[in-house]
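Enquirer: Shown below is the structure under consideration.
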Amino acid sequence: MARIAVIGAGMGAMAAAARLSVAGHRVTVYERTETYGGAVRRVERDGFRFDAGPGLLPLPAVWRDLFVKTGKEPLERCVELVQVDPSARHVFADGTGAALPNASRAGVVAALDAALGPAAGRRWGDFLVRAREAWDRTRRPLLEEPLWPDWQVLGEREPYPAVPHKRLLRTRRAQTLAEVGAWELRDARLTALLESHALAWGLDPRSTPASAAVLPYLEHAFGTWYVRGGLRELARAVYERCLARRVDFRFGAEVTAILEKDGRAAGVQLADGGVAEAAFVVAGVAPGVLDRIAGGMGARGGGEVPPHGPAASRITVLLALRGGRPEGTAQRTVVHAVDREAELDALFGSAPGPAARPTVTVLRPADPQLVPDSGHEAVTLTAVVPVRPDRGRAESETFGLHTQNLITAAERAIPDLRERLLWHEARTPADVAEATGAEGGAVPAPALAAAGGRLLHPSNSTRTGGLFTVGGWSHPGGGLPHAGMSGALVAGLIVEGPEFRGSQ
């Protein structure tokens, strides 16, 4: 039985802590803020409750596995999971709308044919078949196994089986998500549907590899779920599972340095001057924080993957509305930008900034726990914005204007929104940075294959013995399912050693 220090109480870190404690180790979590969950936070005001981080749960099997492996009570006894149907309603630039059933290929094909015209559904259905092949090729090395030392294999090979495209005298295959949309889907609305899955993670579809086809496939194959009471309830359940497994939490305890002895991590030093010895250190923090507290230990792994390009953040607008949620309202509506090129140029151009007319995700849960009574509705708007670490809260005026842009866009989904609005509150990248410690409020994207490895994340093992990384900034990247997977990988590497090859 070893002492293990876990830095941070994010979802990946808590997943690792629970598994390590069950394996017989003495685990202490050091969290610089006063609560757990990382980006999975809650905002409460005037009887309204909002998720300030993610609002929906893909691939809940990851968290079911955690609860099976760490105790007798399954996940469904600790939280109430509700399958969202339709999975999403989409409002396209031309005003066309389409509501897509949850985890039903035939249903989605029929819905798209009805909304966008004959053959649209068939083209999307055929795309999902190819996306499944990309998923099957990458699932284990990207999600279920530690990052291979020869990770270059993942970076070099494009797993998406693109359809040959003849242009003039040349035959080409799509290499980017934008090319998949233009050459295989051949409908601006289907292209918007495809690209929205990458855009939600701050990825430019014009340079994002075709392998990102796994993002819409993952949602299609495994469905979209909601946790009654909001995603913060999942964080609470994981925290309580850690407590039940005797994980010790120290809140308000900022780690300022990782200690080293004989070339191995040997514990942590705290801001109050205290020192905690440990045989292993698990760091669930953003790269800048890890570099600072690891000093010259060479925390990142040898033969490392290329650094990510510019990261993106999110702005979230919380809306308190008078009047109840109308019957039959979709829980999630994606309002697509009216000018795709203008949005992409604004977000990813030479002088990146918020798009004037952005793609906005509108969440409207049918959950009485989120409102003071049935005569009110709690709505959350989310859009991608670039990271601007040099500005921070100095951009409050810019984000004030952008908040109004989000509300204007959301009126395409809720026409009477402004008439019903009681108040609104914006959560900016500065708030994300405060909760997670990520510079500029950056949000990590899931790991993707191809593109020379630039969308992979550093391995969970490091060059320093006894030091591991967990969470969205390490393999297999961002997102709630990926965070849970990173916790399982780190626990396996510590318990079983370097020979650990992932879940079976």
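Following the order of the structure tokens, chains are lettered A, B, ..., residues in each are numbered from 1, and ligands are numbered from 1.
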Per residue of range 309-397 of chain A within 7 Å of range 214-236 of chain A, what are the shortest atom pair and its distance in Å to one decimal, counting only C-alpha atoms, with rows by chain and residue number, as a Markdown table?
Expert:
```
| residue | atom | partner | partner_atom | distance |
| --- | --- | --- | --- | --- |
| A:Asp367 | CA | A:Arg228 | CA | 6.7 |
| A:Gln369 | CA | A:Gly229 | CA | 5.6 |
| A:Leu370 | CA | A:Gly229 | CA | 6.6 |
```
Enquirer: Write a file of the selected residues as a PDB file, in the first residue's frame, keeping N, CA and C atoms.
Expert:
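Saved as again.pdb:
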```pdb
ATOM      1  N   ASP A 367     -36.399  19.873 -16.345  1.00  0.00           N
ATOM      2  CA  ASP A 367     -35.955  19.418 -15.023  1.00  0.00           C
ATOM      3  C   ASP A 367     -36.459  20.384 -13.955  1.00  0.00           C
ATOM      4  N   GLN A 369     -35.898  20.491 -10.949  1.00  0.00           N
ATOM      5  CA  GLN A 369     -34.889  20.823  -9.945  1.00  0.00           C
ATOM      6  C   GLN A 369     -34.109  22.093 -10.293  1.00  0.00           C
ATOM      7  N   LEU A 370     -34.233  22.571 -11.526  1.00  0.00           N
ATOM      8  CA  LEU A 370     -33.426  23.708 -11.965  1.00  0.00           C
ATOM      9  C   LEU A 370     -34.145  25.041 -11.867  1.00  0.00           C
TER      10      LEU A 370
END
```
Enquirer: List every residue of range 37-239 of chain A that DSSP, applied to the backbone, labels as alpha helix (DSSP H), and write the result as a ChimeraX atom specification.
Expert: /A:61-70,75-78,105-116,120-139,152-156,177-180,188-199,214-222,232-239
Enquirer: Given the choices A:Leu143, A:Leu190, A:Val384, A:Leu203, which gets closest to Leu112 in chain A if the distance is worked out from only C-alpha atoms?
Expert: A:Leu190
Enquirer: If we count only C-alpha atoms and set the cut-off at 10 Å, which residues sit around range 442-447 of chain A, ignoring sequence neighbours fewer than 4 positions away in its own chain? Please answer as an MDAnalysis selection string.
Expert: chainID A and resid 39 142:143 198 200:203 212 215 286 308 310:314 384:389 429:430 432:433 436:438 453:458 471:483
Enquirer: Please identify all polymer residues within 8 Å of range 163-180 of chain A, counting only C-alpha atoms, omitting same-chain residues fewer than 2 positions from it, and present them as a ChimeraX atom specification.
Expert: /A:158,161,182-185,191,194-195,205-213
Enquirer: Show which residues sit within 10 Å of range 355-359 of chain A, as an mmCIF file with N, CA and C atoms, in the first residue's frame. Count only C-alpha atoms, and ignore same-chain residues fewer than 5 positions away.
Expert:
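Final output, saved to result-v2.cif:
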```cif
data_model
loop_
_atom_site.group_PDB
_atom_site.id
_atom_site.type_symbol
_atom_site.label_atom_id
_atom_site.label_comp_id
_atom_site.auth_asym_id
_atom_site.auth_seq_id
_atom_site.Cartn_x
_atom_site.Cartn_y
_atom_site.Cartn_z
ATOM 1 N N VAL A 91 -31.021 24.155 -36.195
ATOM 2 C CA VAL A 91 -31.577 25.261 -36.969
ATOM 3 C C VAL A 91 -30.460 25.756 -37.873
ATOM 4 N N PHE A 92 -30.631 25.564 -39.186
ATOM 5 C CA PHE A 92 -29.563 25.850 -40.131
ATOM 6 C C PHE A 92 -29.644 27.293 -40.631
ATOM 7 N N ALA A 93 -28.614 27.696 -41.378
ATOM 8 C CA ALA A 93 -28.501 29.087 -41.807
ATOM 9 C C ALA A 93 -29.700 29.542 -42.624
ATOM 10 N N ALA A 192 -22.736 21.745 -42.091
ATOM 11 C CA ALA A 192 -22.842 22.460 -40.811
ATOM 12 C C ALA A 192 -23.069 21.479 -39.670
ATOM 13 N N SER A 196 -20.197 21.091 -36.777
ATOM 14 C CA SER A 196 -20.545 21.588 -35.443
ATOM 15 C C SER A 196 -19.947 20.728 -34.344
ATOM 16 N N LEU A 199 -16.415 22.077 -34.125
ATOM 17 C CA LEU A 199 -16.440 23.470 -33.684
ATOM 18 C C LEU A 199 -16.738 23.570 -32.190
ATOM 19 N N ALA A 200 -17.549 22.656 -31.670
ATOM 20 C CA ALA A 200 -17.873 22.681 -30.243
ATOM 21 C C ALA A 200 -16.633 22.531 -29.375
ATOM 22 N N VAL A 334 -29.070 23.293 -31.647
ATOM 23 C CA VAL A 334 -27.872 23.925 -32.189
ATOM 24 C C VAL A 334 -28.312 24.917 -33.254
ATOM 25 N N VAL A 335 -28.060 26.195 -32.979
ATOM 26 C CA VAL A 335 -28.388 27.261 -33.924
ATOM 27 C C VAL A 335 -27.118 27.564 -34.715
ATOM 28 N N HIS A 336 -27.099 27.192 -35.984
ATOM 29 C CA HIS A 336 -25.890 27.316 -36.786
ATOM 30 C C HIS A 336 -25.696 28.751 -37.267
ATOM 31 N N ALA A 337 -24.441 29.124 -37.409
ATOM 32 C CA ALA A 337 -24.103 30.462 -37.881
ATOM 33 C C ALA A 337 -24.697 30.698 -39.266
ATOM 34 N N VAL A 338 -25.137 31.920 -39.517
ATOM 35 C CA VAL A 338 -25.722 32.230 -40.821
ATOM 36 C C VAL A 338 -24.643 32.396 -41.885
ATOM 37 N N ASP A 339 -23.403 32.644 -41.468
ATOM 38 C CA ASP A 339 -22.288 32.793 -42.410
ATOM 39 C C ASP A 339 -21.121 31.955 -41.898
ATOM 40 N N ARG A 340 -20.988 30.738 -42.431
ATOM 41 C CA ARG A 340 -19.964 29.814 -41.953
ATOM 42 C C ARG A 340 -18.570 30.392 -42.102
ATOM 43 N N ALA A 342 -17.500 33.462 -42.346
ATOM 44 C CA ALA A 342 -17.251 34.598 -41.461
ATOM 45 C C ALA A 342 -16.982 34.119 -40.032
ATOM 46 N N GLU A 343 -17.735 33.109 -39.585
ATOM 47 C CA GLU A 343 -17.519 32.594 -38.242
ATOM 48 C C GLU A 343 -16.140 31.949 -38.123
ATOM 49 N N LEU A 344 -15.773 31.116 -39.092
ATOM 50 C CA LEU A 344 -14.487 30.437 -39.022
ATOM 51 C C LEU A 344 -13.334 31.424 -39.125
ATOM 52 N N ASP A 345 -13.462 32.435 -39.975
ATOM 53 C CA ASP A 345 -12.405 33.432 -40.100
ATOM 54 C C ASP A 345 -12.258 34.237 -38.813
ATOM 55 N N ALA A 346 -13.376 34.527 -38.153
ATOM 56 C CA ALA A 346 -13.309 35.275 -36.892
ATOM 57 C C ALA A 346 -12.625 34.449 -35.808
ATOM 58 N N LEU A 347 -12.977 33.181 -35.709
ATOM 59 C CA LEU A 347 -12.456 32.336 -34.634
ATOM 60 C C LEU A 347 -11.020 31.899 -34.867
ATOM 61 N N PHE A 348 -10.670 31.639 -36.137
ATOM 62 C CA PHE A 348 -9.381 31.000 -36.420
ATOM 63 C C PHE A 348 -8.488 31.818 -37.351
ATOM 64 N N THR A 382 -24.288 28.393 -25.129
ATOM 65 C CA THR A 382 -22.839 28.186 -25.161
ATOM 66 C C THR A 382 -22.323 28.431 -26.564
ATOM 67 N N ALA A 383 -21.161 29.080 -26.647
ATOM 68 C CA ALA A 383 -20.488 29.278 -27.930
ATOM 69 C C ALA A 383 -18.986 29.241 -27.712
ATOM 70 N N VAL A 384 -18.267 28.887 -28.756
ATOM 71 C CA VAL A 384 -16.809 28.838 -28.712
ATOM 72 C C VAL A 384 -16.241 30.238 -28.899
ATOM 73 N N VAL A 385 -15.195 30.545 -28.145
ATOM 74 C CA VAL A 385 -14.451 31.792 -28.322
ATOM 75 C C VAL A 385 -12.969 31.465 -28.260
ATOM 76 N N PRO A 386 -12.120 32.261 -28.897
ATOM 77 C CA PRO A 386 -10.684 31.994 -28.824
ATOM 78 C C PRO A 386 -10.135 32.284 -27.437
ATOM 79 N N LEU A 401 -20.747 42.460 -25.162
ATOM 80 C CA LEU A 401 -21.335 42.545 -26.491
ATOM 81 C C LEU A 401 -21.604 41.150 -27.046
ATOM 82 N N HIS A 402 -20.658 40.221 -26.828
ATOM 83 C CA HIS A 402 -20.827 38.871 -27.360
ATOM 84 C C HIS A 402 -21.997 38.166 -26.690
ATOM 85 N N GLN A 404 -24.787 39.505 -25.908
ATOM 86 C CA GLN A 404 -25.974 39.924 -26.654
ATOM 87 C C GLN A 404 -26.046 39.220 -28.008
ATOM 88 N N ASN A 405 -24.889 38.961 -28.617
ATOM 89 C CA ASN A 405 -24.883 38.226 -29.889
ATOM 90 C C ASN A 405 -25.412 36.808 -29.706
ATOM 91 N N LEU A 406 -25.041 36.183 -28.587
ATOM 92 C CA LEU A 406 -25.547 34.838 -28.313
ATOM 93 C C LEU A 406 -27.055 34.857 -28.115
ATOM 94 N N THR A 408 -29.169 37.020 -29.291
ATOM 95 C CA THR A 408 -29.797 37.266 -30.590
ATOM 96 C C THR A 408 -29.858 35.987 -31.414
ATOM 97 N N ALA A 409 -28.755 35.244 -31.446
ATOM 98 C CA ALA A 409 -28.747 33.981 -32.185
ATOM 99 C C ALA A 409 -29.765 33.007 -31.606
ATOM 100 N N ALA A 410 -29.864 32.955 -30.290
ATOM 101 C CA ALA A 410 -30.775 32.010 -29.635
ATOM 102 C C ALA A 410 -32.235 32.334 -29.917
#
```
Enquirer: Need the shell around Asp431 in chain A: protein/DNA/RNA residues with any atom at most 10 Å away, counting only C-alpha atoms. Skip same-chain ones fewer than 6 positions apart. Format as a list in words?
Expert: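 The filter keeps Ala39, Ala52, Arg314, Ile315, Thr316, Gly392, Arg393, Gly437, Gly440 and Gly441 of chain A.
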Enquirer: Using N, CA and C atoms, can you export the residues from the last selection as a PDB file, in the first residue's frame?
Expert:
```pdb
ATOM      1  N   ALA A  39     -14.142  21.791 -14.154  1.00  0.00           N
ATOM      2  CA  ALA A  39     -15.032  22.619 -14.959  1.00  0.00           C
ATOM      3  C   ALA A  39     -16.506  22.284 -14.756  1.00  0.00           C
ATOM      4  N   ALA A  52     -22.542  25.268 -15.222  1.00  0.00           N
ATOM      5  CA  ALA A  52     -21.625  26.241 -15.802  1.00  0.00           C
ATOM      6  C   ALA A  52     -20.612  25.572 -16.719  1.00  0.00           C
ATOM      7  N   ARG A 314     -14.749  28.830 -24.051  1.00  0.00           N
ATOM      8  CA  ARG A 314     -16.200  28.934 -24.249  1.00  0.00           C
ATOM      9  C   ARG A 314     -16.749  30.095 -23.447  1.00  0.00           C
ATOM     10  N   ILE A 315     -17.814  30.658 -23.970  1.00  0.00           N
ATOM     11  CA  ILE A 315     -18.616  31.596 -23.189  1.00  0.00           C
ATOM     12  C   ILE A 315     -19.971  30.939 -22.970  1.00  0.00           C
ATOM     13  N   THR A 316     -20.450  31.003 -21.757  1.00  0.00           N
ATOM     14  CA  THR A 316     -21.731  30.402 -21.389  1.00  0.00           C
ATOM     15  C   THR A 316     -22.627  31.494 -20.819  1.00  0.00           C
ATOM     16  N   GLY A 392      -7.663  38.461 -20.374  1.00  0.00           N
ATOM     17  CA  GLY A 392      -8.377  38.117 -19.146  1.00  0.00           C
ATOM     18  C   GLY A 392      -9.652  38.918 -18.989  1.00  0.00           C
ATOM     19  N   ARG A 393      -9.885  39.431 -17.788  1.00  0.00           N
ATOM     20  CA  ARG A 393     -11.120  40.141 -17.503  1.00  0.00           C
ATOM     21  C   ARG A 393     -11.163  41.521 -18.153  1.00  0.00           C
ATOM     22  N   GLY A 437      -7.737  26.480 -13.758  1.00  0.00           N
ATOM     23  CA  GLY A 437      -6.324  26.849 -13.777  1.00  0.00           C
ATOM     24  C   GLY A 437      -5.728  26.887 -15.165  1.00  0.00           C
ATOM     25  N   GLY A 440      -5.933  31.312 -19.854  1.00  0.00           N
ATOM     26  CA  GLY A 440      -6.910  31.875 -20.766  1.00  0.00           C
ATOM     27  C   GLY A 440      -8.244  31.167 -20.780  1.00  0.00           C
ATOM     28  N   GLY A 441      -8.443  30.217 -19.867  1.00  0.00           N
ATOM     29  CA  GLY A 441      -9.693  29.457 -19.865  1.00  0.00           C
ATOM     30  C   GLY A 441      -9.785  28.440 -20.972  1.00  0.00           C
TER      31      GLY A 441
END
```
Enquirer: Hey, what's within 7 Å of Gly12 in chain A if we count only C-alpha atoms and toss same-chain stuff fewer than 4 positions away? As a ChimeraX atom specification, please?
Expert: /A:16,470-471,483-484,486-487
Enquirer: Pull C-alpha atoms from the residues just selected and write them as a PDB file, in the first residue's frame.
Expert:
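Generated file (out.pdb):
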```pdb
ATOM      1  CA  ALA A  16      -8.159   7.914 -10.659  1.00  0.00           C
ATOM      2  CA  VAL A 470      -4.605  12.707 -15.653  1.00  0.00           C
ATOM      3  CA  GLY A 471      -7.540  14.659 -17.041  1.00  0.00           C
ATOM      4  CA  ALA A 483     -11.633  12.231 -18.341  1.00  0.00           C
ATOM      5  CA  GLY A 484     -13.038   9.026 -16.890  1.00  0.00           C
ATOM      6  CA  SER A 486      -7.752   8.862 -18.242  1.00  0.00           C
ATOM      7  CA  GLY A 487      -8.470   8.023 -14.607  1.00  0.00           C
TER       8      GLY A 487
END
```
Enquirer: With distances taken over only C-alpha atoms, which of A:Glu377, A:Ala18, A:Gly324, A:Arg41 is nearest to Asp65 in chain A?
Expert: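 That would be A:Ala18, the residue with the smallest distance to Asp65 in chain A.
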